[in-house]
$ cat query-v9.cif   # mmCIF, C-alpha atoms
data_coords
loop_
_atom_site.label_atom_id
_atom_site.label_comp_id
_atom_site.auth_asym_id
_atom_site.auth_seq_id
_atom_site.Cartn_x
_atom_site.Cartn_y
_atom_site.Cartn_z
CA MET A 242 1.92 25.84 -0.32
CA SER A 243 0.51 26.84 3.09
CA GLY A 244 -2.73 25.05 2.29
CA PHE A 245 -0.86 21.88 1.40
CA SER A 246 1.33 21.96 4.50
CA THR A 247 -1.62 22.62 6.82
CA LEU A 248 -3.76 19.81 5.40
CA PHE A 249 -0.77 17.47 5.28
CA LEU A 250 -0.05 18.21 8.95
CA LYS A 251 -3.70 17.65 9.84
CA GLU A 252 -3.81 14.28 8.02
CA SER A 253 -0.48 13.21 9.50
CA LEU A 254 -1.49 14.11 13.06
CA ARG A 255 -4.76 12.28 12.49
CA PHE A 256 -2.99 8.91 12.36
CA TRP A 257 0.00 9.86 14.51
CA LYS A 258 -2.16 10.77 17.51
CA VAL A 259 -3.34 7.15 17.61
CA GLY A 260 -0.06 5.67 16.41
CA PHE A 261 -0.42 2.59 18.60
CA GLN A 262 -3.51 1.66 16.57
CA THR A 263 -2.54 2.97 13.12
CA ILE A 264 1.14 1.94 13.11
CA GLY A 265 1.78 -0.44 16.00
CA ALA A 266 -1.22 -2.72 15.35
CA PRO A 267 -0.42 -3.32 11.64
CA VAL A 268 3.19 -4.12 12.52
CA LEU A 269 2.03 -6.64 15.13
CA THR A 270 -0.40 -8.19 12.63
CA ALA A 271 2.37 -8.58 10.05
CA LEU A 272 4.63 -10.24 12.63
CA LEU A 273 1.87 -12.71 13.49
CA TYR A 274 1.53 -13.53 9.78
CA LEU A 275 5.30 -13.94 9.61
CA LEU A 276 5.52 -16.33 12.54
CA ILE A 277 2.41 -18.39 11.75
CA PHE A 278 2.95 -18.81 8.01
CA SER A 279 6.67 -19.46 8.34
CA HIS A 280 6.07 -22.12 10.97
CA ALA A 281 3.27 -23.79 9.01
CA LEU A 282 4.81 -23.64 5.52
CA LYS A 283 8.58 -23.42 5.90
CA ASN A 284 9.05 -27.11 5.04
CA ARG A 285 6.39 -27.16 2.31
CA ILE A 286 7.31 -24.17 0.14
CA SER A 287 10.64 -23.74 -1.61
CA VAL A 288 11.64 -20.26 -2.73
CA TYR A 289 14.66 -19.34 -4.81
CA PRO A 290 16.39 -22.76 -4.55
CA ASP A 291 19.54 -21.32 -6.14
CA MET A 292 19.83 -18.68 -3.38
CA GLU A 293 20.33 -19.11 0.35
CA ILE A 294 17.01 -17.51 1.31
CA ASP A 295 14.71 -19.32 3.71
CA TYR A 296 10.97 -18.91 3.71
CA LEU A 297 10.94 -16.68 6.80
CA THR A 298 13.26 -14.19 5.10
CA PHE A 299 11.27 -14.39 1.88
CA LEU A 300 8.06 -13.36 3.67
CA VAL A 301 9.37 -10.10 5.12
CA PRO A 302 9.28 -7.82 2.03
CA GLY A 303 5.89 -9.14 0.94
CA LEU A 304 4.36 -8.55 4.35
CA ALA A 305 5.93 -5.09 4.55
CA MET A 306 4.46 -4.11 1.18
CA MET A 307 1.09 -5.65 2.01
CA SER A 308 0.95 -3.60 5.22
CA LEU A 309 1.99 -0.47 3.32
CA LEU A 310 -0.76 -0.91 0.74
CA GLN A 311 -3.51 -1.62 3.25
CA ASN A 312 -2.62 1.32 5.48
CA ALA A 313 -2.20 3.82 2.65
CA PHE A 314 -5.69 2.88 1.45
CA ALA A 315 -7.14 3.03 4.96
CA ASN A 316 -5.72 6.49 5.64
CA THR A 317 -7.31 8.31 2.71
CA SER A 318 -10.55 6.33 2.50
CA SER A 319 -11.39 6.62 6.20
CA SER A 320 -10.42 10.29 6.42
CA LEU A 321 -12.48 11.42 3.44
CA ALA A 322 -15.46 9.18 4.20
CA GLN A 323 -15.52 10.34 7.81
CA SER A 324 -15.36 14.00 6.75
CA LYS A 325 -18.26 13.49 4.34
CA MET A 326 -20.47 11.61 6.79
CA MET A 327 -19.84 14.02 9.66
CA GLY A 328 -20.35 17.02 7.41
CA ASN A 329 -17.03 18.72 8.12
CA ILE A 330 -15.78 18.23 4.54
CA VAL A 331 -17.29 21.67 3.91
CA PHE A 332 -14.59 23.29 6.07
CA ILE A 333 -11.94 21.90 3.72
CA LEU A 334 -13.79 22.74 0.52
CA LEU A 335 -14.43 26.35 1.61
CA THR A 336 -10.77 27.08 2.27
CA PRO A 337 -8.66 28.72 -0.47
CA ILE A 338 -6.71 25.53 -1.11
CA SER A 339 -6.17 24.39 -4.67
CA HIS A 340 -7.30 21.01 -5.92
CA GLN A 341 -3.67 20.11 -6.55
CA ALA A 342 -2.67 20.91 -2.96
CA LEU A 343 -5.67 19.04 -1.54
CA PHE A 344 -4.88 15.94 -3.59
CA ALA A 345 -1.15 16.09 -2.80
CA ALA A 346 -1.74 16.51 0.96
CA TYR A 347 -4.03 13.48 1.24
CA ILE A 348 -1.72 11.31 -0.88
CA SER A 349 1.45 12.42 0.90
CA ALA A 350 0.07 11.75 4.39
CA ALA A 351 -1.13 8.30 3.32
CA CYS A 352 2.29 7.49 1.84
CA VAL A 353 3.97 8.55 5.08
CA ARG A 354 1.72 6.26 7.11
CA GLY A 355 2.24 3.34 4.73
CA LEU A 356 6.01 3.77 4.65
CA LEU A 357 6.20 4.04 8.44
CA VAL A 358 4.26 0.78 8.83
CA ALA A 359 6.45 -0.97 6.23
CA LEU A 360 9.59 0.28 7.96
CA GLY A 361 8.26 -0.93 11.29
CA VAL A 362 7.59 -4.40 9.83
CA VAL A 363 11.11 -4.66 8.41
CA ILE A 364 12.79 -3.43 11.60
CA ALA A 365 10.70 -5.72 13.82
CA SER A 366 11.43 -8.68 11.53
CA MET A 367 15.16 -8.13 11.94
CA PHE A 368 14.84 -9.46 15.49
CA PHE A 369 13.92 -12.84 13.98
CA VAL A 370 15.80 -12.97 10.68
CA ASN A 371 18.60 -11.24 8.80
CA VAL A 372 16.96 -9.17 6.05
CA PRO A 373 19.34 -8.32 3.16
CA ILE A 374 19.05 -5.08 1.19
CA SER A 375 20.17 -5.27 -2.43
CA ASN A 376 18.93 -1.97 -3.89
CA ILE A 377 17.52 0.75 -1.64
CA PHE A 378 16.33 2.80 -4.64
CA LEU A 379 14.04 0.01 -5.84
CA ILE A 380 12.66 -0.34 -2.32
CA LEU A 381 11.88 3.38 -2.13
CA PHE A 382 10.50 3.59 -5.67
CA PHE A 383 8.08 0.70 -5.32
CA GLY A 384 7.21 1.70 -1.76
CA ILE A 385 6.28 5.25 -2.78
CA CYS A 386 4.43 4.10 -5.91
CA GLY A 387 2.51 1.56 -3.82
CA GLY A 388 1.52 4.30 -1.42
CA VAL A 389 0.40 6.60 -4.24
CA ILE A 390 -1.66 3.87 -5.95
CA LEU A 391 -3.48 2.75 -2.81
CA ALA A 392 -3.90 6.27 -1.47
CA SER A 393 -5.52 7.23 -4.78
CA LEU A 394 -7.79 4.19 -4.61
CA GLY A 395 -8.62 5.17 -1.03
CA LEU A 396 -9.63 8.67 -2.12
CA ILE A 397 -11.76 7.24 -4.93
CA ALA A 398 -13.43 4.87 -2.46
CA GLY A 399 -13.95 7.70 0.04
CA ILE A 400 -15.52 9.92 -2.62
CA TRP A 401 -17.80 7.14 -3.85
CA ALA A 402 -18.81 5.76 -0.44
CA GLU A 403 -21.97 6.93 1.26
CA LYS A 404 -21.43 4.85 4.40
CA PHE A 405 -18.61 2.91 6.01
CA ASP A 406 -20.04 -0.37 4.71
CA HIS A 407 -19.08 0.78 1.20
CA ILE A 408 -15.47 1.30 2.31
CA ALA A 409 -15.39 -2.16 3.90
CA ALA A 410 -16.84 -3.72 0.74
CA PHE A 411 -14.25 -1.98 -1.44
CA GLN A 412 -11.46 -3.23 0.81
CA ASN A 413 -12.76 -6.78 1.29
CA PHE A 414 -13.73 -7.48 -2.32
CA ALA A 415 -11.01 -5.57 -4.18
CA ILE A 416 -7.96 -4.61 -2.12
CA LEU A 417 -7.55 -7.76 -0.01
CA PRO A 418 -7.97 -10.32 -2.84
CA MET A 419 -5.58 -8.45 -5.14
CA THR A 420 -3.04 -8.18 -2.31
CA PHE A 421 -3.18 -11.80 -1.17
CA LEU A 422 -3.04 -13.11 -4.76
CA SER A 423 0.00 -11.05 -5.73
CA GLY A 424 2.77 -13.23 -4.34
CA VAL A 425 2.98 -12.08 -0.72
CA PHE A 426 3.25 -15.62 0.65
CA TYR A 427 4.75 -17.42 -2.35
CA SER A 428 6.90 -16.93 -5.41
CA VAL A 429 4.87 -16.68 -8.60
CA GLU A 430 7.54 -18.82 -10.29
CA SER A 431 6.25 -21.80 -8.29
CA LEU A 432 2.76 -21.54 -9.84
CA PRO A 433 1.53 -23.43 -12.93
CA PRO A 434 1.76 -21.41 -16.20
CA PHE A 435 -1.95 -20.50 -16.21
CA TRP A 436 -1.85 -19.01 -12.71
CA GLN A 437 1.40 -17.22 -13.49
CA MET A 438 -0.40 -15.54 -16.38
CA ILE A 439 -3.30 -14.57 -14.09
CA SER A 440 -0.86 -13.16 -11.53
CA HIS A 441 0.82 -11.00 -14.18
CA ILE A 442 -2.51 -9.28 -14.82
CA ASN A 443 -2.62 -8.10 -11.20
CA PRO A 444 -0.76 -4.76 -10.83
CA PHE A 445 -0.17 -5.50 -7.13
CA PHE A 446 2.08 -8.36 -8.22
CA TYR A 447 4.51 -5.89 -9.82
CA LEU A 448 4.52 -3.74 -6.68
CA ILE A 449 5.41 -6.64 -4.41
CA ASP A 450 7.80 -8.27 -6.88
CA GLY A 451 9.72 -5.05 -7.47
CA PHE A 452 9.78 -4.24 -3.76
CA ARG A 453 11.08 -7.74 -2.99
CA ALA A 454 13.73 -7.38 -5.72
CA GLY A 455 15.07 -4.40 -3.79
CA PHE A 456 15.86 -6.75 -0.92
CA PHE A 457 16.99 -9.93 -2.71
CA GLY A 458 18.08 -8.63 -6.10
CA ARG A 459 15.95 -11.23 -7.89
CA PRO A 460 12.56 -10.36 -9.42
CA ASP A 461 10.08 -12.88 -10.80
CA ALA A 462 9.26 -10.48 -13.66
CA PRO A 463 11.73 -8.24 -15.54
CA ILE A 464 12.33 -5.23 -13.33
CA GLU A 465 11.90 -2.86 -16.30
CA VAL A 466 8.40 -4.23 -16.87
CA SER A 467 7.52 -3.81 -13.18
CA ILE A 468 8.75 -0.20 -13.17
CA CYS A 469 6.77 0.57 -16.33
CA VAL A 470 3.53 -1.04 -15.11
CA VAL A 471 3.70 0.53 -11.66
CA SER A 472 4.48 3.98 -13.08
CA MET A 473 1.59 3.85 -15.55
CA VAL A 474 -0.89 2.65 -12.92
CA SER A 475 0.28 5.39 -10.51
CA ILE A 476 -0.20 8.10 -13.14
CA PHE A 477 -3.54 6.75 -14.36
CA LEU A 478 -5.07 6.49 -10.87
CA SER A 479 -3.64 9.84 -9.76
CA LEU A 480 -5.13 11.62 -12.77
CA GLY A 481 -8.47 9.86 -12.29
CA CYS A 482 -8.59 10.70 -8.61
CA PHE A 483 -7.58 14.32 -9.22
CA SER A 484 -10.32 14.65 -11.85
CA LEU A 485 -12.93 13.48 -9.35
CA ILE A 486 -11.73 15.97 -6.75
CA ARG A 487 -11.73 18.83 -9.26
CA SER A 488 -15.23 17.96 -10.48
CA GLY A 489 -16.58 17.95 -6.91
CA TYR A 490 -18.31 14.61 -7.51
CA LYS A 491 -20.16 13.60 -4.30
CA LEU A 492 -18.17 16.24 -2.39
CA ARG A 493 -20.20 19.38 -2.97
CA GLY A 494 -23.57 17.91 -2.18
#
$ encode --input "query-v9.cif" --output "structure tokens"
Amino acid sequence: MSGFSTLFLKESLRFWKVGFQTIGAPVLTALLYLLIFSHALKNRISVYPDMEIDYLTFLVPGLAMMSLLQNAFANTSSSLAQSKMMGNIVFILLTPISHQALFAAYISAACVRGLLVALGVVIASMFFVNVPISNIFLILFFGICGGVILASLGLIAGIWAEKFDHIAAFQNFAILPMTFLSGVFYSVESLPPFWQMISHINPFFYLIDGFRAGFFGRPDAPIEVSICVVSMVSIFLSLGCFSLIRSGYKLRG
């Protein structure tokens, strides 16, 4: 496990050394979303009318999960793409580190960054609103699964990309639309039936809905379904990503 611990430490220090940019900036961005959207839409959107939850409170879990997903993706994709383009990926590939340890180190560091950002968003939001916690285990489960899914996607994007424009395209045309259309700023229950059906196709919806259920105790979809979907997507993407690493696709020249 020395190879895993060394690479995990390297990837963790990579974002921690510039924590003001990699952790502080995303938290600030989420707070700006919170203040602007709550001020603009608090009297226009009704969420959970049978519960005493205002729109400002409703936004917090969604923004925390959105920040977690974006930063987990950014950590692995930028690290691997940068190593490939600068040529120092060879120093990792030449070391006696197993493919399992390499995969686990990248994913673990990305999850740590994502969870730290999400925690920062929740703590900072508590200065403006009282955030309830209904089930801490659901919060941790969906938070970790979200980190694994997006970290795996980040590794896939980093392996595939030949320049940073490819990473930006992957994020702008895939990650951002799926995140914004997953119920971050609204309850899917408020949508017409057709758009509810479309939302249920998006796996990010189950991540955010399950994560939010950990705070409010009320999911839009059955929590068993969310757990099943998220688990299957995590396993599928992890296996696919690990297969790419083991094959050496676009990594060994």
$ closest_residue --input "query-v9.cif" --among "A:Ala345, A:Leu269, A:Val372, A:Val358" --to "A:Asp295" --atoms "all atoms listed in the file"
A:Val372
$ resolve_selection --input "query-v9.cif" --expression "the PyMOL selection byres ((chain A and resi 419) around 12)" --output "JSON list (two decimals) with C-alpha atoms, keeping the file's coordinate frame"
[["chain", "number", "residue", "atom", "x", "y", "z"],
["A", 307, "MET", "CA", 1.09, -5.65, 2.01],
["A", 310, "LEU", "CA", -0.76, -0.91, 0.74],
["A", 311, "GLN", "CA", -3.51, -1.62, 3.25],
["A", 391, "LEU", "CA", -3.48, 2.75, -2.81],
["A", 411, "PHE", "CA", -14.25, -1.98, -1.44],
["A", 412, "GLN", "CA", -11.46, -3.23, 0.81],
["A", 413, "ASN", "CA", -12.76, -6.78, 1.29],
["A", 414, "PHE", "CA", -13.73, -7.48, -2.32],
["A", 415, "ALA", "CA", -11.01, -5.57, -4.18],
["A", 416, "ILE", "CA", -7.96, -4.61, -2.12],
["A", 417, "LEU", "CA", -7.55, -7.76, -0.01],
["A", 418, "PRO", "CA", -7.97, -10.32, -2.84],
["A", 420, "THR", "CA", -3.04, -8.18, -2.31],
["A", 421, "PHE", "CA", -3.18, -11.80, -1.17],
["A", 422, "LEU", "CA", -3.04, -13.11, -4.76],
["A", 423, "SER", "CA", 0.00, -11.05, -5.73],
["A", 424, "GLY", "CA", 2.77, -13.23, -4.34],
["A", 425, "VAL", "CA", 2.98, -12.08, -0.72],
["A", 439, "ILE", "CA", -3.30, -14.57, -14.09],
["A", 440, "SER", "CA", -0.86, -13.16, -11.53],
["A", 441, "HIS", "CA", 0.82, -11.00, -14.18],
["A", 442, "ILE", "CA", -2.51, -9.28, -14.82],
["A", 443, "ASN", "CA", -2.62, -8.10, -11.20],
["A", 444, "PRO", "CA", -0.76, -4.76, -10.83],
["A", 445, "PHE", "CA", -0.17, -5.50, -7.13],
["A", 446, "PHE", "CA", 2.08, -8.36, -8.22],
["A", 447, "TYR", "CA", 4.51, -5.89, -9.82],
["A", 448, "LEU", "CA", 4.52, -3.74, -6.68],
["A", 449, "ILE", "CA", 5.41, -6.64, -4.41]]
$ resolve_selection --input "query-v9.cif" --expression "the PyMOL selection byres ((chain A and resi 244) around 9)" --output "PDB file with C-alpha atoms, in the frame of the given file"
ATOM      1  CA  MET A 242       1.920  25.840  -0.320  1.00  0.00           C
ATOM      2  CA  SER A 243       0.510  26.840   3.090  1.00  0.00           C
ATOM      3  CA  PHE A 245      -0.860  21.880   1.400  1.00  0.00           C
ATOM      4  CA  SER A 246       1.330  21.960   4.500  1.00  0.00           C
ATOM      5  CA  THR A 247      -1.620  22.620   6.820  1.00  0.00           C
ATOM      6  CA  LEU A 248      -3.760  19.810   5.400  1.00  0.00           C
ATOM      7  CA  PHE A 249      -0.770  17.470   5.280  1.00  0.00           C
ATOM      8  CA  THR A 336     -10.770  27.080   2.270  1.00  0.00           C
ATOM      9  CA  PRO A 337      -8.660  28.720  -0.470  1.00  0.00           C
ATOM     10  CA  ILE A 338      -6.710  25.530  -1.110  1.00  0.00           C
ATOM     11  CA  SER A 339      -6.170  24.390  -4.670  1.00  0.00           C
ATOM     12  CA  ALA A 342      -2.670  20.910  -2.960  1.00  0.00           C
ATOM     13  CA  LEU A 343      -5.670  19.040  -1.540  1.00  0.00           C
ATOM     14  CA  ALA A 346      -1.740  16.510   0.960  1.00  0.00           C
TER      15      ALA A 346
END
$ closest_atom_pairs --input "query-v9.cif" --of "stretch 263-377 of chain A" --to "stretch 481-487 of chain A" --cutoff "9 Å" --atoms "only C-alpha atoms" --output "CSV"
residue,atom,partner,partner_atom,distance
A:His340,CA,A:Arg487,CA,6.0
A:Gln341,CA,A:Phe483,CA,7.5
A:Leu343,CA,A:Ile486,CA,8.6
A:Phe344,CA,A:Phe483,CA,6.5
$ write_last_selection --input "query-v9.cif" --atoms "C-alpha atoms" --output "short mmCIF file (atom, residue, chain, number, x, y, z; two decimals), in the coordinates of the input"
data_model
loop_
_atom_site.label_atom_id
_atom_site.label_comp_id
_atom_site.auth_asym_id
_atom_site.auth_seq_id
_atom_site.Cartn_x
_atom_site.Cartn_y
_atom_site.Cartn_z
CA HIS A 340 -7.30 21.01 -5.92
CA GLN A 341 -3.67 20.11 -6.55
CA LEU A 343 -5.67 19.04 -1.54
CA PHE A 344 -4.88 15.94 -3.59
#
$ closest_residue --input "query-v9.cif" --among "A:Glu465, A:Leu321, A:Ile277, A:Lys404" --to "A:Ile333" --atoms "only C-alpha atoms"
A:Leu321
